[in-house]
Every structure is written in C-alpha cells, then in structure tokens.
$ cat protein.pdb   # PDB, C-alpha atoms, pLDDT in the B column
ATOM      1  CA  MET A   1     -40.146  70.704  25.076  1.00 66.00           C
ATOM      2  CA  SER A   2     -37.679  68.291  23.512  1.00 74.00           C
ATOM      3  CA  GLU A   3     -38.719  65.309  21.394  1.00 86.00           C
ATOM      4  CA  ARG A   4     -36.009  63.257  23.106  1.00 92.00           C
ATOM      5  CA  VAL A   5     -37.430  60.551  25.373  1.00 96.00           C
ATOM      6  CA  ALA A   6     -36.089  60.913  28.900  1.00 97.00           C
ATOM      7  CA  LEU A   7     -37.960  58.034  30.526  1.00 98.00           C
ATOM      8  CA  LYS A   8     -39.701  55.037  29.027  1.00 97.00           C
ATOM      9  CA  VAL A   9     -41.507  52.177  30.720  1.00 97.00           C
ATOM     10  CA  ASP A  10     -42.525  49.309  28.470  1.00 97.00           C
ATOM     11  CA  GLY A  11     -44.706  46.349  29.404  1.00 97.00           C
ATOM     12  CA  ILE A  12     -44.084  46.694  33.144  1.00 98.00           C
ATOM     13  CA  THR A  13     -45.731  43.874  35.073  1.00 98.00           C
ATOM     14  CA  VAL A  14     -45.326  43.411  38.821  1.00 97.00           C
ATOM     15  CA  ARG A  15     -46.673  40.428  40.736  1.00 96.00           C
ATOM     16  CA  PHE A  16     -46.611  39.973  44.504  1.00 93.00           C
ATOM     17  CA  GLY A  17     -47.377  36.278  44.941  1.00 89.00           C
ATOM     18  CA  GLY A  18     -50.739  35.772  43.295  1.00 89.00           C
ATOM     19  CA  VAL A  19     -51.552  39.498  43.158  1.00 93.00           C
ATOM     20  CA  THR A  20     -50.809  41.445  39.985  1.00 96.00           C
ATOM     21  CA  ALA A  21     -50.038  45.031  41.014  1.00 97.00           C
ATOM     22  CA  LEU A  22     -49.143  46.235  37.509  1.00 97.00           C
ATOM     23  CA  GLU A  23     -49.972  44.611  34.185  1.00 97.00           C
ATOM     24  CA  ALA A  24     -48.136  45.528  30.970  1.00 97.00           C
ATOM     25  CA  VAL A  25     -47.970  49.247  31.774  1.00 98.00           C
ATOM     26  CA  GLY A  26     -46.107  51.393  29.296  1.00 97.00           C
ATOM     27  CA  PHE A  27     -45.624  55.046  28.379  1.00 97.00           C
ATOM     28  CA  ALA A  28     -42.828  57.448  27.469  1.00 97.00           C
ATOM     29  CA  VAL A  29     -41.973  60.848  28.948  1.00 98.00           C
ATOM     30  CA  ARG A  30     -40.189  63.384  26.783  1.00 97.00           C
ATOM     31  CA  GLU A  31     -37.358  65.490  28.101  1.00 96.00           C
ATOM     32  CA  GLY A  32     -38.812  68.534  29.886  1.00 96.00           C
ATOM     33  CA  GLU A  33     -42.337  67.085  29.989  1.00 97.00           C
ATOM     34  CA  THR A  34     -44.463  66.813  33.141  1.00 97.00           C
ATOM     35  CA  VAL A  35     -46.648  63.717  33.298  1.00 98.00           C
ATOM     36  CA  GLY A  36     -49.284  63.313  35.989  1.00 97.00           C
ATOM     37  CA  LEU A  37     -49.897  59.759  37.186  1.00 97.00           C
ATOM     38  CA  ILE A  38     -53.337  59.340  38.733  1.00 96.00           C
ATOM     39  CA  GLY A  39     -55.774  56.637  39.730  1.00 95.00           C
ATOM     40  CA  PRO A  40     -57.613  55.163  42.719  1.00 94.00           C
ATOM     41  CA  ASN A  41     -55.780  53.969  45.816  1.00 92.00           C
ATOM     42  CA  GLY A  42     -54.207  50.612  45.027  1.00 92.00           C
ATOM     43  CA  ALA A  43     -54.015  51.313  41.292  1.00 95.00           C
ATOM     44  CA  GLY A  44     -50.246  50.752  41.254  1.00 96.00           C
ATOM     45  CA  LYS A  45     -48.925  54.321  41.039  1.00 96.00           C
ATOM     46  CA  THR A  46     -46.342  54.128  43.820  1.00 95.00           C
ATOM     47  CA  THR A  47     -45.430  50.604  42.754  1.00 96.00           C
ATOM     48  CA  LEU A  48     -44.578  51.983  39.317  1.00 97.00           C
ATOM     49  CA  LEU A  49     -42.389  54.714  40.844  1.00 97.00           C
ATOM     50  CA  ASN A  50     -40.690  52.013  42.909  1.00 96.00           C
ATOM     51  CA  VAL A  51     -39.938  50.070  39.724  1.00 97.00           C
ATOM     52  CA  ILE A  52     -38.536  53.149  37.984  1.00 97.00           C
ATOM     53  CA  SER A  53     -36.360  54.060  40.975  1.00 94.00           C
ATOM     54  CA  ARG A  54     -35.278  50.390  41.355  1.00 94.00           C
ATOM     55  CA  LEU A  55     -36.683  49.790  44.817  1.00 94.00           C
ATOM     56  CA  ILE A  56     -38.431  46.742  43.373  1.00 95.00           C
ATOM     57  CA  SER A  57     -37.844  44.690  40.244  1.00 95.00           C
ATOM     58  CA  PRO A  58     -40.606  44.083  37.707  1.00 96.00           C
ATOM     59  CA  SER A  59     -41.750  40.560  36.920  1.00 96.00           C
ATOM     60  CA  SER A  60     -41.415  41.557  33.268  1.00 97.00           C
ATOM     61  CA  GLY A  61     -40.952  44.673  31.180  1.00 97.00           C
ATOM     62  CA  ARG A  62     -38.266  47.272  30.635  1.00 97.00           C
ATOM     63  CA  VAL A  63     -37.310  50.708  31.998  1.00 97.00           C
ATOM     64  CA  GLU A  64     -35.176  53.032  29.879  1.00 97.00           C
ATOM     65  CA  LEU A  65     -33.510  56.266  30.926  1.00 96.00           C
ATOM     66  CA  PHE A  66     -32.371  58.424  28.010  1.00 95.00           C
ATOM     67  CA  GLY A  67     -32.281  55.270  25.892  1.00 95.00           C
ATOM     68  CA  ASP A  68     -30.278  53.156  28.344  1.00 96.00           C
ATOM     69  CA  ASP A  69     -31.808  50.025  29.851  1.00 97.00           C
ATOM     70  CA  VAL A  70     -31.891  50.513  33.653  1.00 96.00           C
ATOM     71  CA  THR A  71     -34.392  47.749  34.437  1.00 96.00           C
ATOM     72  CA  ARG A  72     -31.874  45.859  36.567  1.00 94.00           C
ATOM     73  CA  ALA A  73     -29.555  48.708  37.497  1.00 94.00           C
ATOM     74  CA  PRO A  74     -28.739  48.965  41.227  1.00 93.00           C
ATOM     75  CA  ALA A  75     -30.885  51.532  43.043  1.00 91.00           C
ATOM     76  CA  TYR A  76     -27.869  53.552  44.191  1.00 90.00           C
ATOM     77  CA  SER A  77     -26.885  54.191  40.563  1.00 91.00           C
ATOM     78  CA  LEU A  78     -30.126  55.983  39.617  1.00 92.00           C
ATOM     79  CA  PRO A  79     -29.356  59.308  41.365  1.00 90.00           C
ATOM     80  CA  ARG A  80     -25.995  59.354  39.592  1.00 89.00           C
ATOM     81  CA  ARG A  81     -27.857  58.832  36.316  1.00 91.00           C
ATOM     82  CA  GLY A  82     -29.973  61.895  37.046  1.00 92.00           C
ATOM     83  CA  VAL A  83     -33.044  60.430  38.774  1.00 95.00           C
ATOM     84  CA  ALA A  84     -34.364  61.708  42.122  1.00 95.00           C
ATOM     85  CA  ARG A  85     -37.638  61.054  43.898  1.00 95.00           C
ATOM     86  CA  THR A  86     -39.699  61.971  46.893  1.00 95.00           C
ATOM     87  CA  PHE A  87     -41.627  59.533  49.051  1.00 92.00           C
ATOM     88  CA  GLN A  88     -45.233  59.550  50.129  1.00 88.00           C
ATOM     89  CA  VAL A  89     -44.238  58.978  53.761  1.00 89.00           C
ATOM     90  CA  VAL A  90     -41.573  61.517  54.714  1.00 90.00           C
ATOM     91  CA  GLN A  91     -38.759  59.934  56.736  1.00 90.00           C
ATOM     92  CA  PRO A  92     -35.879  62.388  57.216  1.00 93.00           C
ATOM     93  CA  PHE A  93     -32.901  61.523  59.404  1.00 95.00           C
ATOM     94  CA  ALA A  94     -34.259  62.500  62.820  1.00 95.00           C
ATOM     95  CA  ASN A  95     -30.898  63.413  64.369  1.00 96.00           C
ATOM     96  CA  LEU A  96     -29.707  65.558  61.462  1.00 96.00           C
ATOM     97  CA  THR A  97     -30.711  69.164  60.844  1.00 97.00           C
ATOM     98  CA  VAL A  98     -32.674  70.211  57.786  1.00 97.00           C
ATOM     99  CA  ARG A  99     -29.447  71.363  56.119  1.00 96.00           C
ATOM    100  CA  GLN A 100     -27.617  68.149  56.995  1.00 95.00           C
ATOM    101  CA  ASN A 101     -30.480  66.040  55.648  1.00 95.00           C
ATOM    102  CA  VAL A 102     -30.341  67.857  52.325  1.00 96.00           C
ATOM    103  CA  ALA A 103     -26.537  67.780  52.165  1.00 94.00           C
ATOM    104  CA  VAL A 104     -26.544  63.995  52.630  1.00 92.00           C
ATOM    105  CA  ALA A 105     -28.821  63.681  49.588  1.00 91.00           C
ATOM    106  CA  ALA A 106     -26.545  65.944  47.561  1.00 91.00           C
ATOM    107  CA  MET A 107     -23.487  63.934  48.566  1.00 87.00           C
ATOM    108  CA  PHE A 108     -25.170  60.625  47.736  1.00 82.00           C
ATOM    109  CA  SER A 109     -26.137  61.694  44.219  1.00 78.00           C
ATOM    110  CA  GLY A 110     -22.702  62.746  42.983  1.00 69.00           C
ATOM    111  CA  SER A 111     -19.740  60.451  42.715  1.00 55.00           C
ATOM    112  CA  GLY A 112     -16.705  62.339  43.953  1.00 57.00           C
ATOM    113  CA  ARG A 113     -18.703  65.353  45.145  1.00 70.00           C
ATOM    114  CA  SER A 114     -16.928  67.136  47.973  1.00 79.00           C
ATOM    115  CA  GLU A 115     -18.553  68.134  51.248  1.00 82.00           C
ATOM    116  CA  ASP A 116     -18.335  71.801  50.224  1.00 85.00           C
ATOM    117  CA  ASP A 117     -20.059  71.079  46.894  1.00 86.00           C
ATOM    118  CA  ALA A 118     -22.775  69.113  48.673  1.00 87.00           C
ATOM    119  CA  ALA A 119     -23.275  71.918  51.198  1.00 89.00           C
ATOM    120  CA  GLU A 120     -23.638  74.468  48.381  1.00 92.00           C
ATOM    121  CA  ALA A 121     -26.149  72.274  46.573  1.00 91.00           C
ATOM    122  CA  ALA A 122     -28.045  71.838  49.839  1.00 93.00           C
ATOM    123  CA  ASP A 123     -28.172  75.581  50.479  1.00 95.00           C
ATOM    124  CA  ARG A 124     -29.530  76.236  46.976  1.00 94.00           C
ATOM    125  CA  ALA A 125     -32.232  73.602  47.404  1.00 95.00           C
ATOM    126  CA  ILE A 126     -33.142  74.893  50.860  1.00 96.00           C
ATOM    127  CA  GLU A 127     -33.477  78.423  49.541  1.00 95.00           C
ATOM    128  CA  ARG A 128     -35.694  77.300  46.635  1.00 92.00           C
ATOM    129  CA  THR A 129     -37.998  75.460  49.036  1.00 92.00           C
ATOM    130  CA  ARG A 130     -38.165  78.383  51.522  1.00 92.00           C
ATOM    131  CA  LEU A 131     -36.505  76.506  54.351  1.00 95.00           C
ATOM    132  CA  THR A 132     -33.519  78.797  54.937  1.00 96.00           C
ATOM    133  CA  ALA A 133     -34.852  80.097  58.253  1.00 97.00           C
ATOM    134  CA  LYS A 134     -35.225  76.513  59.507  1.00 96.00           C
ATOM    135  CA  ALA A 135     -32.032  75.040  58.056  1.00 96.00           C
ATOM    136  CA  HIS A 136     -30.497  74.380  61.475  1.00 96.00           C
ATOM    137  CA  MET A 137     -33.614  72.849  63.029  1.00 97.00           C
ATOM    138  CA  LEU A 138     -34.287  69.143  63.515  1.00 97.00           C
ATOM    139  CA  PRO A 139     -37.143  67.600  61.470  1.00 96.00           C
ATOM    140  CA  ALA A 140     -39.187  66.949  64.615  1.00 95.00           C
ATOM    141  CA  HIS A 141     -39.340  70.688  65.282  1.00 96.00           C
ATOM    142  CA  ILE A 142     -40.765  71.744  61.911  1.00 95.00           C
ATOM    143  CA  THR A 143     -44.307  71.469  60.526  1.00 92.00           C
ATOM    144  CA  LEU A 144     -45.663  68.805  58.164  1.00 89.00           C
ATOM    145  CA  ALA A 145     -45.590  71.360  55.332  1.00 88.00           C
ATOM    146  CA  ASP A 146     -41.934  72.073  56.091  1.00 92.00           C
ATOM    147  CA  ARG A 147     -41.122  68.360  56.170  1.00 93.00           C
ATOM    148  CA  LYS A 148     -42.758  68.001  52.758  1.00 91.00           C
ATOM    149  CA  ARG A 149     -40.579  70.844  51.518  1.00 92.00           C
ATOM    150  CA  LEU A 150     -37.578  69.138  53.108  1.00 95.00           C
ATOM    151  CA  GLU A 151     -38.375  65.990  51.137  1.00 94.00           C
ATOM    152  CA  LEU A 152     -38.516  68.036  47.943  1.00 94.00           C
ATOM    153  CA  ALA A 153     -35.308  69.895  48.868  1.00 95.00           C
ATOM    154  CA  ARG A 154     -33.472  66.595  49.270  1.00 95.00           C
ATOM    155  CA  ALA A 155     -34.552  65.564  45.775  1.00 95.00           C
ATOM    156  CA  LEU A 156     -33.622  68.945  44.259  1.00 94.00           C
ATOM    157  CA  ALA A 157     -30.174  68.840  45.875  1.00 94.00           C
ATOM    158  CA  MET A 158     -29.455  65.809  43.711  1.00 92.00           C
ATOM    159  CA  GLN A 159     -29.781  68.118  40.679  1.00 91.00           C
ATOM    160  CA  PRO A 160     -32.020  65.643  38.840  1.00 93.00           C
ATOM    161  CA  GLN A 161     -32.790  65.462  35.166  1.00 95.00           C
ATOM    162  CA  VAL A 162     -35.793  63.269  35.979  1.00 97.00           C
ATOM    163  CA  LEU A 163     -37.801  64.006  39.140  1.00 97.00           C
ATOM    164  CA  LEU A 164     -40.363  61.552  40.534  1.00 97.00           C
ATOM    165  CA  LEU A 165     -42.839  63.106  42.980  1.00 96.00           C
ATOM    166  CA  ASP A 166     -45.063  60.868  45.107  1.00 95.00           C
ATOM    167  CA  GLU A 167     -47.938  62.820  46.704  1.00 91.00           C
ATOM    168  CA  VAL A 168     -45.778  65.722  47.782  1.00 89.00           C
ATOM    169  CA  MET A 169     -48.948  67.791  48.419  1.00 87.00           C
ATOM    170  CA  ALA A 170     -50.656  65.364  50.810  1.00 83.00           C
ATOM    171  CA  GLY A 171     -51.690  67.027  54.053  1.00 81.00           C
ATOM    172  CA  LEU A 172     -50.988  70.589  52.901  1.00 86.00           C
ATOM    173  CA  ASN A 173     -53.443  73.486  52.940  1.00 88.00           C
ATOM    174  CA  HIS A 174     -54.416  75.535  49.869  1.00 89.00           C
ATOM    175  CA  VAL A 175     -51.780  78.216  50.408  1.00 90.00           C
ATOM    176  CA  GLU A 176     -49.020  75.644  50.839  1.00 88.00           C
ATOM    177  CA  ILE A 177     -50.231  73.732  47.767  1.00 90.00           C
ATOM    178  CA  ASP A 178     -50.115  76.899  45.660  1.00 91.00           C
ATOM    179  CA  ARG A 179     -46.524  77.525  46.753  1.00 89.00           C
ATOM    180  CA  ILE A 180     -45.463  73.989  45.807  1.00 89.00           C
ATOM    181  CA  ILE A 181     -47.228  74.325  42.442  1.00 93.00           C
ATOM    182  CA  ASP A 182     -45.214  77.476  41.757  1.00 93.00           C
ATOM    183  CA  LEU A 183     -42.013  75.683  42.733  1.00 91.00           C
ATOM    184  CA  ILE A 184     -42.756  72.696  40.485  1.00 93.00           C
ATOM    185  CA  ARG A 185     -43.483  75.055  37.591  1.00 93.00           C
ATOM    186  CA  ASP A 186     -40.111  76.699  38.229  1.00 92.00           C
ATOM    187  CA  ILE A 187     -38.385  73.294  38.253  1.00 92.00           C
ATOM    188  CA  LYS A 188     -40.122  72.397  35.001  1.00 94.00           C
ATOM    189  CA  ALA A 189     -39.102  75.722  33.426  1.00 93.00           C
ATOM    190  CA  GLN A 190     -35.473  74.740  33.947  1.00 91.00           C
ATOM    191  CA  GLY A 191     -35.986  71.688  31.729  1.00 93.00           C
ATOM    192  CA  THR A 192     -36.448  68.993  34.364  1.00 96.00           C
ATOM    193  CA  THR A 193     -38.554  65.996  33.365  1.00 97.00           C
ATOM    194  CA  ILE A 194     -41.206  65.292  36.018  1.00 97.00           C
ATOM    195  CA  VAL A 195     -43.518  62.387  36.810  1.00 97.00           C
ATOM    196  CA  VAL A 196     -45.929  63.272  39.595  1.00 97.00           C
ATOM    197  CA  VAL A 197     -48.315  61.028  41.525  1.00 96.00           C
ATOM    198  CA  GLU A 198     -51.019  63.134  43.104  1.00 92.00           C
ATOM    199  CA  HIS A 199     -54.649  62.936  44.241  1.00 90.00           C
ATOM    200  CA  VAL A 200     -55.174  66.717  44.273  1.00 88.00           C
ATOM    201  CA  MET A 201     -56.615  67.352  40.809  1.00 90.00           C
ATOM    202  CA  LYS A 202     -55.939  71.088  41.126  1.00 89.00           C
ATOM    203  CA  VAL A 203     -52.236  70.212  41.173  1.00 91.00           C
ATOM    204  CA  ILE A 204     -52.419  67.725  38.306  1.00 94.00           C
ATOM    205  CA  ALA A 205     -54.352  70.182  36.152  1.00 92.00           C
ATOM    206  CA  ALA A 206     -51.950  73.024  36.930  1.00 93.00           C
ATOM    207  CA  ILE A 207     -48.651  71.309  36.151  1.00 95.00           C
ATOM    208  CA  SER A 208     -49.251  68.362  33.802  1.00 96.00           C
ATOM    209  CA  ASP A 209     -48.620  68.340  30.064  1.00 97.00           C
ATOM    210  CA  ARG A 210     -50.074  64.849  29.932  1.00 97.00           C
ATOM    211  CA  ILE A 211     -51.870  62.501  32.304  1.00 97.00           C
ATOM    212  CA  VAL A 212     -51.574  58.731  32.603  1.00 97.00           C
ATOM    213  CA  VAL A 213     -54.374  56.961  34.476  1.00 97.00           C
ATOM    214  CA  LEU A 214     -54.026  53.589  36.179  1.00 97.00           C
ATOM    215  CA  GLN A 215     -56.826  51.366  37.430  1.00 96.00           C
ATOM    216  CA  PHE A 216     -56.293  47.926  38.967  1.00 95.00           C
ATOM    217  CA  GLY A 217     -52.703  48.003  37.721  1.00 96.00           C
ATOM    218  CA  LYS A 218     -53.618  48.698  34.099  1.00 97.00           C
ATOM    219  CA  LYS A 219     -53.289  51.880  32.061  1.00 97.00           C
ATOM    220  CA  ILE A 220     -56.743  53.105  31.038  1.00 96.00           C
ATOM    221  CA  ALA A 221     -55.857  56.558  29.662  1.00 96.00           C
ATOM    222  CA  ASP A 222     -52.846  58.530  28.429  1.00 97.00           C
ATOM    223  CA  ASP A 223     -53.670  61.949  27.001  1.00 96.00           C
ATOM    224  CA  SER A 224     -53.839  65.695  27.572  1.00 95.00           C
ATOM    225  CA  PRO A 225     -55.447  66.869  30.831  1.00 94.00           C
ATOM    226  CA  ASP A 226     -58.611  68.131  29.109  1.00 93.00           C
ATOM    227  CA  ARG A 227     -59.198  64.868  27.293  1.00 95.00           C
ATOM    228  CA  VAL A 228     -58.453  62.748  30.348  1.00 95.00           C
ATOM    229  CA  PHE A 229     -60.773  64.803  32.571  1.00 94.00           C
ATOM    230  CA  ASP A 230     -63.552  64.396  29.985  1.00 92.00           C
ATOM    231  CA  ASP A 231     -62.967  60.678  29.429  1.00 92.00           C
ATOM    232  CA  PRO A 232     -66.041  58.769  30.687  1.00 92.00           C
ATOM    233  CA  SER A 233     -63.955  55.752  31.691  1.00 92.00           C
ATOM    234  CA  VAL A 234     -61.703  57.947  33.873  1.00 94.00           C
ATOM    235  CA  VAL A 235     -64.684  59.753  35.398  1.00 92.00           C
ATOM    236  CA  SER A 236     -66.281  56.411  36.218  1.00 91.00           C
ATOM    237  CA  ALA A 237     -63.116  54.781  37.555  1.00 88.00           C
ATOM    238  CA  TYR A 238     -61.665  57.644  39.546  1.00 90.00           C
ATOM    239  CA  LEU A 239     -62.793  61.250  39.159  1.00 88.00           C
ATOM    240  CA  GLY A 240     -66.506  60.745  39.836  1.00 87.00           C
ATOM    241  CA  GLU A 241     -69.574  62.594  38.604  1.00 79.00           C
ATOM    242  CA  ARG A 242     -69.158  65.419  41.130  1.00 78.00           C
ATOM    243  CA  PHE A 243     -65.780  66.318  39.640  1.00 80.00           C
ATOM    244  CA  SER A 244     -67.245  66.159  36.138  1.00 75.00           C
ATOM    245  CA  LYS A 245     -70.142  68.434  37.088  1.00 75.00           C
ATOM    246  CA  ARG A 246     -67.869  70.946  38.833  1.00 77.00           C
ATOM    247  CA  ARG A 247     -65.626  71.007  35.794  1.00 74.00           C
ATOM    248  CA  ALA A 248     -68.598  71.562  33.475  1.00 69.00           C
ATOM    249  CA  ALA A 249     -69.946  74.332  35.705  1.00 71.00           C
ATOM    250  CA  ALA A 250     -66.555  76.030  35.804  1.00 68.00           C
ATOM    251  CA  ALA A 251     -66.254  75.844  32.030  1.00 66.00           C
ATOM    252  CA  GLN A 252     -69.742  77.314  31.622  1.00 65.00           C
ATOM    253  CA  GLY A 253     -68.914  80.110  34.027  1.00 67.00           C
ATOM    254  CA  THR A 254     -65.748  80.935  32.106  1.00 59.00           C
ATOM    255  CA  ALA A 255     -67.639  80.959  28.826  1.00 59.00           C
ATOM    256  CA  SER A 256     -70.290  83.320  30.160  1.00 53.00           C
TER
END

$ encode --input "protein.pdb" --output "structure tokens"
Amino acid sequence: MSERVALKVDGITVRFGGVTALEAVGFAVREGETVGLIGPNGAGKTTLLNVISRLISPSSGRVELFGDDVTRAPAYSLPRRGVARTFQVVQPFANLTVRQNVAVAAMFSGSGRSEDDAAEAADRAIERTRLTAKAHMLPAHITLADRKRLELARALAMQPQVLLLDEVMAGLNHVEIDRIIDLIRDIKAQGTTIVVVEHVMKVIAAISDRIVVLQFGKKIADDSPDRVFDDPSVVSAYLGERFSKRRAAAAQGTAS
C-alpha cells in the first residue's frame, strides 16, 4: 500500500436548512487502501459520498483528490479524474441492454474515448462481474443481484483510481455476497483505492484496511477493523451487544 494520499476530506460540514447532516468530518485514504464507512441509518454516509462525488456541495470543508482541491469541481469532471461510484438505489437505463449501459459509463468517463474503446472497456467489466451471458438483456429482465453487478460493472468500466461503493451488497444472499467480496478483493489487488459504505459487517471485516464510523453526522472512530469492532462507543452507537458477543464467541472458538 502506498503512503500517497489518494482522497482526503477535511472539515466537511453539510447543512440542509436547520439540519446538520455532517459536522466537521475528516479523514484521508491512502492510495490502494480500502476504507469501510459505517454507522446507523441517517449518520451521513451517503451524504459524504455525495459530497466527494460532487452531487452536493458542502457548507464548509475541503475535498482533495491526489492533492488537488476538487471541492467545487463540476460533477462530470470527477470520472475523468479517476473517481467512479455506485449508488444505493440502482437505476440503469431501462431501454438499454446491460452491455450498452456499461458502455455509456465507459464513454462518459474518458474524454475522447472512441465507441470501440468504450465497448472493449464495457466487455472487460461485464466479464469481471459475471454478466457476459446477460450482456444483451434489458435490466428489467435480470435479477436484483445481476442489477447490483451491473451497477458495479458500470463503475469498473470507468477504470477508476478511486472507487466509491454505496451498499452494493444490499438485498443479496450469502453466496452472492461472497462473490462480490472476491471481486472487490481483486479490484483492490490491482491498486484501486476504495471507500465502501455497507451495513453487512461480514463485508466490512473482509475487505477493509481501516474503518471510519459516523454517528449523527460526526466521526466517532477511525481505526483498524479489530479496534473499531471492540470500541465500546461504536458497539453502543451501532454494532450492538449481540454483535459484540458473537464476535467474542467466535474469537474464543478460534482460540480453542
């Protein structure tokens, strides 16, 4: 893992009228690092991804990408700077095939990219996400798991240096989750920097180098998975005693 900082958020505050969604949130992500972003519903996780990807502007604070200030950069410029993301609610183009959906993303991310180049990038992303057999189907005719993979394929076709994942596992069964975990590990192995929002702690534990925890729009923890999972404030705010007891039982079973 490189010591170079790929992504930095510093003092990010977001207010919607009288509601403060994020308050002075800051952390840095090194190049090639995977950071899990967790917390209760309404903690501000997706809002923070929206700030990073420029869908909303912060009330104050700064976002840096490889040292460049992108706090006010237009949203369309982020993919061309190497940032791609998935969305919690999957909304593919209904009248385009799986392959066409992915090719559009590839085309959008590269200034001057030809249709042939975009098609090749799309085919590579489709193959990595195991969608080749369904490449010519419409989104309405594939399963939820396949649509989640389509969302990930669209992001991968942009060939990102920084990948933002927003609950890409939601609604999937255990087998499907394991396959996505393997894929994310493969993406990470190629040096991609990843920030992942996820409620499935199995996923966070499996892929994260570090975990940042938000509660009521504030950062309450930023540490290794083991330390975060054992942090009483995180257990109280989000994980719960049942998680803590299961984790302790699992550790005892491993030790014995």

$ atom_distance --input "protein.pdb" --atom1 "CA of Asp123 in chain A" --atom2 "CA of Ala155 in chain A"
12.8 Å

$ resolve_selection --input "protein.pdb" --expression "the PyMOL selection byres ((chain A and resi 148) around 9)" --output "list in words"
Thr86, Val90, Thr143, Leu144, Ala145, Asp146, Arg147, Arg149, Leu150, Glu151, Leu152, Ala153, Val168, Met169, Ala170 and Leu172 of chain A

$ atom_distance --input "protein.pdb" --atom1 "CA of Ile211 in chain A" --atom2 "CA of Ser233 in chain A"
13.9 Å

$ resolve_selection --input "protein.pdb" --expression "the PyMOL selection byres ((chain A and resi 181) around 12)" --output "count of residues only"
30

$ closest_residue --input "protein.pdb" --among "A:Ala43, A:Leu48, A:Val14, A:Val195" --to "Glu31 in chain A" --atoms "only C-alpha atoms"
A:Val195

$ resolve_selection --input "protein.pdb" --expression "the PyMOL selection byres ((chain A and resi 120) around 12)" --output "JSON, numbers by chain"
{"A": [99, 100, 102, 103, 104, 106, 107, 113, 114, 115, 116, 117, 118, 119, 121, 122, 123, 124, 125, 126, 127, 157, 158, 159]}

$ residues_near_point --input "protein.pdb" --point "(-59.5, 54.3, 27.4)" --cutoff "8 Å" --atoms "only C-alpha atoms" --output "list in words"
Ile220, Ala221, Asp222, Asp231, Ser233 and Val234 of chain A

$ closest_residue --input "protein.pdb" --among "A:Arg154, A:Lys245, A:Arg81, A:Arg30" --to "Val5 in chain A" --atoms "only C-alpha atoms"
A:Arg30

$ atom_distance --input "protein.pdb" --atom1 "CA of Phe87 in chain A" --atom2 "CA of Thr192 in chain A"
18.2 Å

$ closest_residue --input "protein.pdb" --among "A:Ala133, A:Ala75, A:Leu214, A:Leu65" --to "Lys8 in chain A" --atoms "all atoms listed in the file"
A:Leu65

$ closest_residue --input "protein.pdb" --among "A:Thr13, A:Thr97, A:Thr34, A:Ser236" --to "Ile194 in chain A" --atoms "all atoms listed in the file"
A:Thr34

$ closest_residue --input "protein.pdb" --among "A:Val89, A:Val212, A:Val228, A:Val197" --to "Val29 in chain A" --atoms "only C-alpha atoms"
A:Val212

$ closest_residue --input "protein.pdb" --among "A:Ala28, A:Gln161, A:Arg130, A:Arg15" --to "Arg85 in chain A" --atoms "only C-alpha atoms"
A:Gln161

$ decode --input "protein.pdb" --residues "range 71-82 of chain A" --atoms "N, CA, C and O atoms" --output "PDB file, in the first residue's frame"
ATOM      1  N   THR A  71     -13.177  20.392  -4.329  1.00  0.00           N
ATOM      2  CA  THR A  71     -14.378  20.698  -3.541  1.00  0.00           C
ATOM      3  C   THR A  71     -15.485  21.308  -4.383  1.00  0.00           C
ATOM      4  O   THR A  71     -16.672  21.030  -4.171  1.00  0.00           O
ATOM      5  N   ARG A  72     -15.115  22.121  -5.356  1.00  0.00           N
ATOM      6  CA  ARG A  72     -16.104  22.805  -6.193  1.00  0.00           C
ATOM      7  C   ARG A  72     -16.022  22.371  -7.654  1.00  0.00           C
ATOM      8  O   ARG A  72     -16.616  23.018  -8.530  1.00  0.00           O
ATOM      9  N   ALA A  73     -15.313  21.307  -7.908  1.00  0.00           N
ATOM     10  CA  ALA A  73     -15.190  20.816  -9.286  1.00  0.00           C
ATOM     11  C   ALA A  73     -16.551  20.343  -9.793  1.00  0.00           C
ATOM     12  O   ALA A  73     -17.357  19.807  -9.021  1.00  0.00           O
ATOM     13  N   PRO A  74     -16.842  20.515 -11.080  1.00  0.00           N
ATOM     14  CA  PRO A  74     -18.126  20.008 -11.604  1.00  0.00           C
ATOM     15  C   PRO A  74     -18.179  18.486 -11.517  1.00  0.00           C
ATOM     16  O   PRO A  74     -17.155  17.809 -11.666  1.00  0.00           O
ATOM     17  N   ALA A  75     -19.368  17.959 -11.265  1.00  0.00           N
ATOM     18  CA  ALA A  75     -19.523  16.509 -11.067  1.00  0.00           C
ATOM     19  C   ALA A  75     -19.024  15.714 -12.265  1.00  0.00           C
ATOM     20  O   ALA A  75     -18.426  14.641 -12.104  1.00  0.00           O
ATOM     21  N   TYR A  76     -19.254  16.233 -13.479  1.00  0.00           N
ATOM     22  CA  TYR A  76     -18.865  15.465 -14.669  1.00  0.00           C
ATOM     23  C   TYR A  76     -17.360  15.300 -14.800  1.00  0.00           C
ATOM     24  O   TYR A  76     -16.882  14.423 -15.525  1.00  0.00           O
ATOM     25  N   SER A  77     -16.590  16.151 -14.077  1.00  0.00           N
ATOM     26  CA  SER A  77     -15.131  16.067 -14.188  1.00  0.00           C
ATOM     27  C   SER A  77     -14.530  14.962 -13.313  1.00  0.00           C
ATOM     28  O   SER A  77     -13.406  14.540 -13.541  1.00  0.00           O
ATOM     29  N   LEU A  78     -15.265  14.512 -12.305  1.00  0.00           N
ATOM     30  CA  LEU A  78     -14.715  13.523 -11.366  1.00  0.00           C
ATOM     31  C   LEU A  78     -14.371  12.196 -12.032  1.00  0.00           C
ATOM     32  O   LEU A  78     -13.291  11.629 -11.781  1.00  0.00           O
ATOM     33  N   PRO A  79     -15.246  11.624 -12.874  1.00  0.00           N
ATOM     34  CA  PRO A  79     -14.853  10.370 -13.545  1.00  0.00           C
ATOM     35  C   PRO A  79     -13.586  10.524 -14.376  1.00  0.00           C
ATOM     36  O   PRO A  79     -12.786   9.594 -14.469  1.00  0.00           O
ATOM     37  N   ARG A  80     -13.390  11.691 -14.967  1.00  0.00           N
ATOM     38  CA  ARG A  80     -12.197  11.914 -15.783  1.00  0.00           C
ATOM     39  C   ARG A  80     -10.964  12.159 -14.922  1.00  0.00           C
ATOM     40  O   ARG A  80      -9.844  12.137 -15.428  1.00  0.00           O
ATOM     41  N   ARG A  81     -11.188  12.398 -13.633  1.00  0.00           N
ATOM     42  CA  ARG A  81     -10.088  12.491 -12.669  1.00  0.00           C
ATOM     43  C   ARG A  81      -9.826  11.152 -11.981  1.00  0.00           C
ATOM     44  O   ARG A  81      -8.980  11.071 -11.090  1.00  0.00           O
ATOM     45  N   GLY A  82     -10.596  10.133 -12.368  1.00  0.00           N
ATOM     46  CA  GLY A  82     -10.346   8.801 -11.827  1.00  0.00           C
ATOM     47  C   GLY A  82     -11.271   8.352 -10.721  1.00  0.00           C
ATOM     48  O   GLY A  82     -10.972   7.381 -10.022  1.00  0.00           O
TER      49      GLY A  82
END
